[in-house]
$ cat entry.pdb   # PDB, C-alpha atoms, pLDDT in the B column
ATOM      1  CA  GLN H1389      -4.674 -16.740  10.469  1.00 89.00           C
ATOM      2  CA  VAL H1390      -4.800 -13.452   8.621  1.00 91.00           C
ATOM      3  CA  GLN H1391      -2.428 -13.206   5.689  1.00 94.00           C
ATOM      4  CA  LEU H1392      -1.566 -10.217   3.527  1.00 95.00           C
ATOM      5  CA  VAL H1393       0.240 -11.171   0.344  1.00 95.00           C
ATOM      6  CA  GLU H1394       1.811  -8.331  -1.613  1.00 95.00           C
ATOM      7  CA  SER H1395       2.946  -8.503  -5.208  1.00 96.00           C
ATOM      8  CA  GLY H1396       3.972  -6.223  -8.034  1.00 97.00           C
ATOM      9  CA  GLY H1397       7.228  -4.800  -6.768  1.00 96.00           C
ATOM     10  CA  GLY H1398      10.345  -4.687  -8.907  1.00 97.00           C
ATOM     11  CA  VAL H1399      12.941  -2.524 -10.586  1.00 98.00           C
ATOM     12  CA  VAL H1400      11.985   0.228 -13.014  1.00 98.00           C
ATOM     13  CA  GLN H1401      13.730   3.190 -14.528  1.00 97.00           C
ATOM     14  CA  THR H1402      12.961   6.693 -13.371  1.00 97.00           C
ATOM     15  CA  GLY H1403       9.619   7.741 -14.799  1.00 97.00           C
ATOM     16  CA  GLY H1404       8.341   4.192 -15.001  1.00 97.00           C
ATOM     17  CA  SER H1405       5.260   2.624 -13.435  1.00 98.00           C
ATOM     18  CA  LEU H1406       4.424  -0.268 -11.165  1.00 98.00           C
ATOM     19  CA  ARG H1407       1.190  -1.584  -9.708  1.00 98.00           C
ATOM     20  CA  LEU H1408       1.261  -3.147  -6.269  1.00 98.00           C
ATOM     21  CA  SER H1409      -1.415  -5.549  -5.065  1.00 98.00           C
ATOM     22  CA  CYS H1410      -2.173  -6.829  -1.591  1.00 97.00           C
ATOM     23  CA  ALA H1411      -4.577  -9.728  -1.180  1.00 97.00           C
ATOM     24  CA  VAL H1412      -5.978 -10.405   2.282  1.00 95.00           C
ATOM     25  CA  SER H1413      -7.102 -13.849   3.395  1.00 91.00           C
ATOM     26  CA  GLY H1414      -8.128 -15.562   6.594  1.00 89.00           C
ATOM     27  CA  ILE H1415      -9.793 -12.533   8.136  1.00 85.00           C
ATOM     28  CA  MET H1416     -12.990 -13.229  10.061  1.00 78.00           C
ATOM     29  CA  PHE H1417     -14.205  -9.650  10.297  1.00 80.00           C
ATOM     30  CA  SER H1418     -14.767  -6.992   7.702  1.00 85.00           C
ATOM     31  CA  ILE H1419     -11.878  -4.739   6.771  1.00 85.00           C
ATOM     32  CA  ASN H1420     -12.015  -1.050   7.526  1.00 90.00           C
ATOM     33  CA  ASP H1421      -9.212   1.157   6.217  1.00 94.00           C
ATOM     34  CA  MET H1422      -6.541  -0.255   3.924  1.00 96.00           C
ATOM     35  CA  GLY H1423      -3.275   1.429   3.124  1.00 97.00           C
ATOM     36  CA  TRP H1424       0.281   1.348   1.914  1.00 98.00           C
ATOM     37  CA  TYR H1425       3.378   2.367   3.844  1.00 98.00           C
ATOM     38  CA  ARG H1426       7.004   2.407   2.818  1.00 98.00           C
ATOM     39  CA  GLN H1427      10.355   2.228   4.517  1.00 98.00           C
ATOM     40  CA  ALA H1428      13.631   3.225   2.923  1.00 97.00           C
ATOM     41  CA  PRO H1429      16.998   2.127   4.378  1.00 93.00           C
ATOM     42  CA  GLY H1430      17.814   4.117   7.487  1.00 95.00           C
ATOM     43  CA  LYS H1431      14.439   5.819   7.561  1.00 97.00           C
ATOM     44  CA  GLN H1432      11.226   5.337   9.485  1.00 97.00           C
ATOM     45  CA  ARG H1433       8.201   3.694   7.962  1.00 97.00           C
ATOM     46  CA  GLU H1434       5.861   6.304   6.512  1.00 98.00           C
ATOM     47  CA  LEU H1435       2.329   6.391   5.192  1.00 98.00           C
ATOM     48  CA  VAL H1436       2.031   6.509   1.418  1.00 98.00           C
ATOM     49  CA  ALA H1437      -1.729   6.273   0.910  1.00 98.00           C
ATOM     50  CA  SER H1438      -4.866   4.979   2.580  1.00 97.00           C
ATOM     51  CA  ILE H1439      -8.448   4.327   1.563  1.00 97.00           C
ATOM     52  CA  THR H1440     -11.625   3.995   3.604  1.00 95.00           C
ATOM     53  CA  THR H1441     -13.978   1.042   3.624  1.00 92.00           C
ATOM     54  CA  ASN H1442     -16.217   2.178   0.792  1.00 90.00           C
ATOM     55  CA  GLY H1443     -13.422   3.859  -1.143  1.00 87.00           C
ATOM     56  CA  ASN H1444     -14.995   7.287  -0.878  1.00 90.00           C
ATOM     57  CA  SER H1445     -12.092   8.847   0.941  1.00 96.00           C
ATOM     58  CA  ARG H1446      -8.427   8.515   0.043  1.00 97.00           C
ATOM     59  CA  THR H1447      -5.428  10.050   1.730  1.00 97.00           C
ATOM     60  CA  TYR H1448      -2.057  10.581   0.092  1.00 98.00           C
ATOM     61  CA  ALA H1449       1.298  11.683   1.363  1.00 98.00           C
ATOM     62  CA  ASP H1450       2.376  14.949  -0.237  1.00 97.00           C
ATOM     63  CA  PHE H1451       5.332  13.281  -1.902  1.00 96.00           C
ATOM     64  CA  VAL H1452       3.092  10.982  -4.009  1.00 95.00           C
ATOM     65  CA  LYS H1453       0.121  13.227  -4.771  1.00 94.00           C
ATOM     66  CA  GLY H1454      -0.631  13.278  -8.457  1.00 95.00           C
ATOM     67  CA  ARG H1455       1.562  10.247  -9.138  1.00 98.00           C
ATOM     68  CA  PHE H1456       0.136   7.370  -7.070  1.00 98.00           C
ATOM     69  CA  THR H1457      -3.437   6.097  -6.885  1.00 98.00           C
ATOM     70  CA  ILE H1458      -4.828   3.767  -4.254  1.00 98.00           C
ATOM     71  CA  SER H1459      -7.882   1.607  -4.890  1.00 97.00           C
ATOM     72  CA  ARG H1460      -9.552  -1.449  -3.430  1.00 96.00           C
ATOM     73  CA  ASP H1461     -11.777  -4.329  -4.451  1.00 95.00           C
ATOM     74  CA  ASN H1462     -13.822  -5.381  -1.432  1.00 93.00           C
ATOM     75  CA  ALA H1463     -15.151  -8.484  -3.168  1.00 93.00           C
ATOM     76  CA  LYS H1464     -11.567  -9.713  -3.470  1.00 94.00           C
ATOM     77  CA  ASN H1465     -10.279  -8.235  -0.185  1.00 94.00           C
ATOM     78  CA  THR H1466      -7.534  -6.622  -2.218  1.00 96.00           C
ATOM     79  CA  VAL H1467      -5.952  -3.184  -2.204  1.00 97.00           C
ATOM     80  CA  TYR H1468      -3.888  -1.752  -5.036  1.00 98.00           C
ATOM     81  CA  LEU H1469      -1.346   1.009  -5.471  1.00 98.00           C
ATOM     82  CA  GLN H1470      -0.760   2.326  -8.959  1.00 98.00           C
ATOM     83  CA  MET H1471       2.572   4.122  -9.010  1.00 98.00           C
ATOM     84  CA  ASN H1472       3.433   6.347 -11.958  1.00 98.00           C
ATOM     85  CA  SER H1473       6.342   8.682 -12.650  1.00 98.00           C
ATOM     86  CA  LEU H1474       8.518   6.835 -10.186  1.00 98.00           C
ATOM     87  CA  LYS H1475      11.547   8.635  -8.809  1.00 97.00           C
ATOM     88  CA  PRO H1476      14.728   7.270  -7.218  1.00 96.00           C
ATOM     89  CA  GLU H1477      13.510   8.617  -3.871  1.00 96.00           C
ATOM     90  CA  ASP H1478      10.490   6.293  -4.120  1.00 98.00           C
ATOM     91  CA  THR H1479      12.858   3.352  -3.678  1.00 98.00           C
ATOM     92  CA  ALA H1480      11.793   1.491  -0.543  1.00 98.00           C
ATOM     93  CA  VAL H1481      10.097  -1.589   0.798  1.00 98.00           C
ATOM     94  CA  TYR H1482       6.349  -1.078   0.477  1.00 98.00           C
ATOM     95  CA  TYR H1483       4.060  -2.600   3.094  1.00 98.00           C
ATOM     96  CA  CYS H1484       0.355  -3.242   2.940  1.00 97.00           C
ATOM     97  CA  ASN H1485      -1.628  -2.420   6.069  1.00 97.00           C
ATOM     98  CA  ILE H1486      -5.223  -3.120   6.973  1.00 96.00           C
ATOM     99  CA  ARG H1487      -7.349  -2.534  10.022  1.00 92.00           C
ATOM    100  CA  SER H1488     -10.164  -4.919  10.849  1.00 88.00           C
ATOM    101  CA  LYS H1489     -13.602  -3.882  12.012  1.00 87.00           C
ATOM    102  CA  LEU H1490     -12.370  -4.591  15.551  1.00 87.00           C
ATOM    103  CA  GLY H1491      -9.507  -2.153  15.062  1.00 86.00           C
ATOM    104  CA  THR H1492      -6.774  -4.772  14.874  1.00 90.00           C
ATOM    105  CA  PRO H1493      -3.956  -3.807  12.465  1.00 93.00           C
ATOM    106  CA  TYR H1494      -2.286  -6.303  10.147  1.00 95.00           C
ATOM    107  CA  TRP H1495       0.822  -5.940   7.981  1.00 96.00           C
ATOM    108  CA  GLY H1496       2.099  -7.606   4.865  1.00 96.00           C
ATOM    109  CA  GLN H1497       5.652  -8.880   4.508  1.00 96.00           C
ATOM    110  CA  GLY H1498       6.692  -6.044   2.215  1.00 97.00           C
ATOM    111  CA  THR H1499       7.674  -5.804  -1.432  1.00 97.00           C
ATOM    112  CA  GLN H1500      10.759  -4.037  -2.763  1.00 98.00           C
ATOM    113  CA  VAL H1501      10.320  -1.158  -5.201  1.00 98.00           C
ATOM    114  CA  THR H1502      13.419   0.246  -6.863  1.00 98.00           C
ATOM    115  CA  ALA H1503      13.443   3.185  -9.251  1.00 97.00           C
ATOM    116  CA  SER H1504      16.836   3.497 -10.864  1.00 94.00           C
ATOM    117  CA  SER H1505      18.183   6.768 -12.225  1.00 85.00           C
TER     118      SER H1505
END
$ encode --input "entry.pdb" --output "structure tokens"
Amino acid sequence: QVQLVESGGGVVQTGGSLRLSCAVSGIMFSINDMGWYRQAPGKQRELVASITTNGNSRTYADFVKGRFTISRDNAKNTVYLQMNSLKPEDTAVYYCNIRSKLGTPYWGQGTQVTASS
């Protein structure tokens, strides 16, 4: 079955950096868009960033523009999220999301990111 394995989360001080990775395996069809979402305690899950199949178009939430960068390696079926200048309000569980060529969405298990003040 399709598996999304996230890594790279952790605890950093305000202003620090982390790089999240999400490796996809077991998928029988090509992957269209890939993205990252986050969910803080008591809040709804929200889009952080997404990237199209060929990487030519990237979308960012206003609250991460200029600080986070999404990228992907199609040969490795992996999507990355470079997070710089982290703030306490970035603290959340970050989820990887992909959509197959058939339109089926898949989610990772989530990785905790904590930026301490």
$ closest_atom_pairs --input "entry.pdb" --of "segment 1418-1446 of chain H" --to "segment 1455-1466 of chain H" --cutoff "8 Å" --atoms "all atoms listed in the file" --output "tab-separated table"
residue	atom	partner	partner_atom	distance
H:Ile1419	CA	H:Asn1465	CA	7.9
H:Gly1423	CA	H:Ile1458	CA	7.9
H:Ala1437	CA	H:Ile1458	CA	6.5
H:Ser1438	CA	H:Ile1458	CA	6.9
H:Ile1439	CA	H:Ile1458	CA	6.9
H:Gly1443	CA	H:Arg1460	CA	7.0
H:Arg1446	CA	H:Ile1458	CA	7.3
$ resolve_selection --input "entry.pdb" --expression "the PyMOL selection byres ((chain H and resi 1401-1413) around 6)" --output "PDB file with C-alpha atoms, in the coordinates of the input"
ATOM      1  CA  VAL H1390      -4.800 -13.452   8.621  1.00 91.00           C
ATOM      2  CA  GLN H1391      -2.428 -13.206   5.689  1.00 94.00           C
ATOM      3  CA  LEU H1392      -1.566 -10.217   3.527  1.00 95.00           C
ATOM      4  CA  VAL H1393       0.240 -11.171   0.344  1.00 95.00           C
ATOM      5  CA  GLU H1394       1.811  -8.331  -1.613  1.00 95.00           C
ATOM      6  CA  SER H1395       2.946  -8.503  -5.208  1.00 96.00           C
ATOM      7  CA  GLY H1396       3.972  -6.223  -8.034  1.00 97.00           C
ATOM      8  CA  VAL H1400      11.985   0.228 -13.014  1.00 98.00           C
ATOM      9  CA  GLY H1414      -8.128 -15.562   6.594  1.00 89.00           C
ATOM     10  CA  ILE H1415      -9.793 -12.533   8.136  1.00 85.00           C
ATOM     11  CA  ASN H1465     -10.279  -8.235  -0.185  1.00 94.00           C
ATOM     12  CA  THR H1466      -7.534  -6.622  -2.218  1.00 96.00           C
ATOM     13  CA  VAL H1467      -5.952  -3.184  -2.204  1.00 97.00           C
ATOM     14  CA  TYR H1468      -3.888  -1.752  -5.036  1.00 98.00           C
ATOM     15  CA  LEU H1469      -1.346   1.009  -5.471  1.00 98.00           C
ATOM     16  CA  GLN H1470      -0.760   2.326  -8.959  1.00 98.00           C
ATOM     17  CA  MET H1471       2.572   4.122  -9.010  1.00 98.00           C
ATOM     18  CA  ASN H1472       3.433   6.347 -11.958  1.00 98.00           C
ATOM     19  CA  SER H1473       6.342   8.682 -12.650  1.00 98.00           C
ATOM     20  CA  LEU H1474       8.518   6.835 -10.186  1.00 98.00           C
ATOM     21  CA  LYS H1475      11.547   8.635  -8.809  1.00 97.00           C
ATOM     22  CA  ALA H1503      13.443   3.185  -9.251  1.00 97.00           C
ATOM     23  CA  SER H1504      16.836   3.497 -10.864  1.00 94.00           C
ATOM     24  CA  SER H1505      18.183   6.768 -12.225  1.00 85.00           C
TER      25      SER H1505
END
$ resolve_selection --input "entry.pdb" --expression "the PyMOL selection byres ((chain H and resi 1481) around 8)" --output "list in words"
Arg1426, Gln1427, Ala1428, Thr1479, Ala1480, Tyr1482, Tyr1483, Gly1498, Thr1499, Gln1500 and Val1501 of chain H
$ atom_distance --input "entry.pdb" --atom1 "atom CA of Asn1444 of chain H" --atom2 "atom CA of Met1416 of chain H"
23.3 Å
$ resolve_selection --input "entry.pdb" --expression "the PyMOL selection byres ((chain H and resi 1420) around 10)" --output "list in words"
Phe1417, Ser1418, Ile1419, Asp1421, Met1422, Ile1439, Thr1440, Thr1441, Asn1442, Ile1486, Arg1487, Ser1488, Lys1489, Leu1490, Gly1491, Thr1492 and Pro1493 of chain H
$ closest_residue --input "entry.pdb" --among "H:Gln1497, H:Cys1484, H:Gln1389, H:Thr1447" --to "Trp1424 of chain H" --atoms "all atoms listed in the file"
H:Cys1484
$ atom_distance --input "entry.pdb" --atom1 "atom CA of Gln1432 of chain H" --atom2 "atom CA of Ala1449 of chain H"
14.3 Å
$ atom_distance --input "entry.pdb" --atom1 "atom CA of Val1399 of chain H" --atom2 "atom CA of Trp1495 of chain H"
22.4 Å
$ decode --input "entry.pdb" --residues "chain H" --atoms "C-alpha atoms" --output "PDB file, in the first residue's frame"
ATOM      1  CA  GLN H1389       0.000   0.000   0.000  1.00  0.00           C
ATOM      2  CA  VAL H1390       0.991   3.628  -0.306  1.00  0.00           C
ATOM      3  CA  GLN H1391       3.177   4.902   2.502  1.00  0.00           C
ATOM      4  CA  LEU H1392       4.317   8.435   3.260  1.00  0.00           C
ATOM      5  CA  VAL H1393       7.152   8.566   5.760  1.00  0.00           C
ATOM      6  CA  GLU H1394       7.975  11.977   7.191  1.00  0.00           C
ATOM      7  CA  SER H1395      11.163  12.894   8.991  1.00  0.00           C
ATOM      8  CA  GLY H1396      13.063  15.942  10.147  1.00  0.00           C
ATOM      9  CA  GLY H1397      10.802  17.318  12.836  1.00  0.00           C
ATOM     10  CA  GLY H1398      12.105  18.333  16.238  1.00  0.00           C
ATOM     11  CA  VAL H1399      12.599  21.133  18.719  1.00  0.00           C
ATOM     12  CA  VAL H1400      14.451  24.313  17.804  1.00  0.00           C
ATOM     13  CA  GLN H1401      14.788  27.742  19.300  1.00  0.00           C
ATOM     14  CA  THR H1402      13.030  30.705  17.773  1.00  0.00           C
ATOM     15  CA  GLY H1403      14.873  31.730  14.633  1.00  0.00           C
ATOM     16  CA  GLY H1404      16.195  28.246  14.005  1.00  0.00           C
ATOM     17  CA  SER H1405      15.773  25.995  10.979  1.00  0.00           C
ATOM     18  CA  LEU H1406      14.502  22.529  10.211  1.00  0.00           C
ATOM     19  CA  ARG H1407      14.158  20.531   7.017  1.00  0.00           C
ATOM     20  CA  LEU H1408      11.264  18.124   6.694  1.00  0.00           C
ATOM     21  CA  SER H1409      11.293  15.215   4.263  1.00  0.00           C
ATOM     22  CA  CYS H1410       8.483  12.980   3.084  1.00  0.00           C
ATOM     23  CA  ALA H1411       9.320   9.835   1.145  1.00  0.00           C
ATOM     24  CA  VAL H1412       6.520   8.112  -0.752  1.00  0.00           C
ATOM     25  CA  SER H1413       6.539   4.394  -1.494  1.00  0.00           C
ATOM     26  CA  GLY H1414       4.151   1.790  -2.811  1.00  0.00           C
ATOM     27  CA  ILE H1415       2.342   4.100  -5.202  1.00  0.00           C
ATOM     28  CA  MET H1416       1.398   2.575  -8.547  1.00  0.00           C
ATOM     29  CA  PHE H1417       0.593   5.808 -10.346  1.00  0.00           C
ATOM     30  CA  SER H1418       2.537   8.986 -10.834  1.00  0.00           C
ATOM     31  CA  ILE H1419       2.238  11.703  -8.223  1.00  0.00           C
ATOM     32  CA  ASN H1420       0.675  15.020  -9.093  1.00  0.00           C
ATOM     33  CA  ASP H1421       0.763  17.786  -6.487  1.00  0.00           C
ATOM     34  CA  MET H1422       2.674  17.332  -3.242  1.00  0.00           C
ATOM     35  CA  GLY H1423       2.302  19.511  -0.199  1.00  0.00           C
ATOM     36  CA  TRP H1424       2.674  20.141   3.486  1.00  0.00           C
ATOM     37  CA  TYR H1425      -0.082  20.935   5.961  1.00  0.00           C
ATOM     38  CA  ARG H1426       0.072  21.638   9.660  1.00  0.00           C
ATOM     39  CA  GLN H1427      -2.236  21.375  12.618  1.00  0.00           C
ATOM     40  CA  ALA H1428      -1.696  23.108  15.930  1.00  0.00           C
ATOM     41  CA  PRO H1429      -3.558  22.031  19.098  1.00  0.00           C
ATOM     42  CA  GLY H1430      -7.153  23.196  18.986  1.00  0.00           C
ATOM     43  CA  LYS H1431      -6.878  24.442  15.426  1.00  0.00           C
ATOM     44  CA  GLN H1432      -7.868  23.120  12.030  1.00  0.00           C
ATOM     45  CA  ARG H1433      -5.363  21.627   9.649  1.00  0.00           C
ATOM     46  CA  GLU H1434      -4.094  24.261   7.233  1.00  0.00           C
ATOM     47  CA  LEU H1435      -2.082  24.316   4.043  1.00  0.00           C
ATOM     48  CA  VAL H1436       1.523  25.404   4.442  1.00  0.00           C
ATOM     49  CA  ALA H1437       2.897  24.908   0.932  1.00  0.00           C
ATOM     50  CA  SER H1438       2.324  22.885  -2.212  1.00  0.00           C
ATOM     51  CA  ILE H1439       4.237  22.146  -5.387  1.00  0.00           C
ATOM     52  CA  THR H1440       3.093  20.940  -8.794  1.00  0.00           C
ATOM     53  CA  THR H1441       4.302  17.853 -10.601  1.00  0.00           C
ATOM     54  CA  ASN H1442       7.207  19.455 -12.424  1.00  0.00           C
ATOM     55  CA  GLY H1443       8.013  21.882  -9.624  1.00  0.00           C
ATOM     56  CA  ASN H1444       7.295  24.925 -11.751  1.00  0.00           C
ATOM     57  CA  SER H1445       4.559  26.247  -9.530  1.00  0.00           C
ATOM     58  CA  ARG H1446       4.671  26.564  -5.757  1.00  0.00           C
ATOM     59  CA  THR H1447       2.044  27.908  -3.415  1.00  0.00           C
ATOM     60  CA  TYR H1448       2.716  29.216   0.073  1.00  0.00           C
ATOM     61  CA  ALA H1449       0.506  30.294   2.908  1.00  0.00           C
ATOM     62  CA  ASP H1450       1.000  33.966   3.725  1.00  0.00           C
ATOM     63  CA  PHE H1451       2.314  33.131   7.171  1.00  0.00           C
ATOM     64  CA  VAL H1452       5.352  31.250   5.765  1.00  0.00           C
ATOM     65  CA  LYS H1453       6.198  33.283   2.668  1.00  0.00           C
ATOM     66  CA  GLY H1454       9.838  34.234   2.621  1.00  0.00           C
ATOM     67  CA  ARG H1455      10.717  31.750   5.362  1.00  0.00           C
ATOM     68  CA  PHE H1456       9.764  28.289   4.057  1.00  0.00           C
ATOM     69  CA  THR H1457      10.688  26.636   0.766  1.00  0.00           C
ATOM     70  CA  ILE H1458       9.064  23.551  -0.699  1.00  0.00           C
ATOM     71  CA  SER H1459      10.860  21.323  -3.192  1.00  0.00           C
ATOM     72  CA  ARG H1460      10.579  17.827  -4.590  1.00  0.00           C
ATOM     73  CA  ASP H1461      12.726  15.101  -6.090  1.00  0.00           C
ATOM     74  CA  ASN H1462      10.578  13.067  -8.467  1.00  0.00           C
ATOM     75  CA  ALA H1463      13.254  10.416  -8.929  1.00  0.00           C
ATOM     76  CA  LYS H1464      13.036   9.706  -5.201  1.00  0.00           C
ATOM     77  CA  ASN H1465       9.292  10.384  -4.807  1.00  0.00           C
ATOM     78  CA  THR H1466      10.219  12.767  -2.027  1.00  0.00           C
ATOM     79  CA  VAL H1467       9.033  16.227  -1.051  1.00  0.00           C
ATOM     80  CA  TYR H1468      10.911  18.577   1.249  1.00  0.00           C
ATOM     81  CA  LEU H1469      10.098  21.610   3.347  1.00  0.00           C
ATOM     82  CA  GLN H1470      12.951  23.866   4.356  1.00  0.00           C
ATOM     83  CA  MET H1471      11.830  25.959   7.304  1.00  0.00           C
ATOM     84  CA  ASN H1472      13.896  28.969   8.332  1.00  0.00           C
ATOM     85  CA  SER H1473      13.346  31.704  10.904  1.00  0.00           C
ATOM     86  CA  LEU H1474      10.973  29.512  12.848  1.00  0.00           C
ATOM     87  CA  LYS H1475       8.569  31.195  15.235  1.00  0.00           C
ATOM     88  CA  PRO H1476       6.683  29.807  18.240  1.00  0.00           C
ATOM     89  CA  GLU H1477       3.469  30.072  16.216  1.00  0.00           C
ATOM     90  CA  ASP H1478       4.930  27.587  13.711  1.00  0.00           C
ATOM     91  CA  THR H1479       4.687  24.908  16.397  1.00  0.00           C
ATOM     92  CA  ALA H1480       2.403  22.174  15.078  1.00  0.00           C
ATOM     93  CA  VAL H1481       2.246  18.684  13.681  1.00  0.00           C
ATOM     94  CA  TYR H1482       3.261  18.855  10.027  1.00  0.00           C
ATOM     95  CA  TYR H1483       1.659  16.452   7.564  1.00  0.00           C
ATOM     96  CA  CYS H1484       2.783  15.478   4.106  1.00  0.00           C
ATOM     97  CA  ASN H1485       0.069  15.217   1.466  1.00  0.00           C
ATOM     98  CA  ILE H1486       0.181  13.918  -2.074  1.00  0.00           C
ATOM     99  CA  ARG H1487      -2.368  13.436  -4.799  1.00  0.00           C
ATOM    100  CA  SER H1488      -1.955  10.628  -7.297  1.00  0.00           C
ATOM    101  CA  LYS H1489      -2.537  10.939 -11.014  1.00  0.00           C
ATOM    102  CA  LEU H1490      -5.989   9.449 -10.368  1.00  0.00           C
ATOM    103  CA  GLY H1491      -6.745  12.223  -7.895  1.00  0.00           C
ATOM    104  CA  THR H1492      -6.549  10.060  -4.790  1.00  0.00           C
ATOM    105  CA  PRO H1493      -5.129  11.930  -1.764  1.00  0.00           C
ATOM    106  CA  TYR H1494      -2.714  10.339   0.691  1.00  0.00           C
ATOM    107  CA  TRP H1495      -1.444  11.600   4.050  1.00  0.00           C
ATOM    108  CA  GLY H1496       1.615  10.974   6.140  1.00  0.00           C
ATOM    109  CA  GLN H1497       1.466  10.232   9.854  1.00  0.00           C
ATOM    110  CA  GLY H1498       2.726  13.671  10.834  1.00  0.00           C
ATOM    111  CA  THR H1499       5.898  14.981  12.430  1.00  0.00           C
ATOM    112  CA  GLN H1500       6.049  17.361  15.384  1.00  0.00           C
ATOM    113  CA  VAL H1501       7.766  20.721  14.950  1.00  0.00           C
ATOM    114  CA  THR H1502       8.313  22.844  18.038  1.00  0.00           C
ATOM    115  CA  ALA H1503       9.865  26.298  18.034  1.00  0.00           C
ATOM    116  CA  SER H1504      10.560  27.393  21.574  1.00  0.00           C
ATOM    117  CA  SER H1505      10.768  31.034  22.606  1.00  0.00           C
TER     118      SER H1505
END
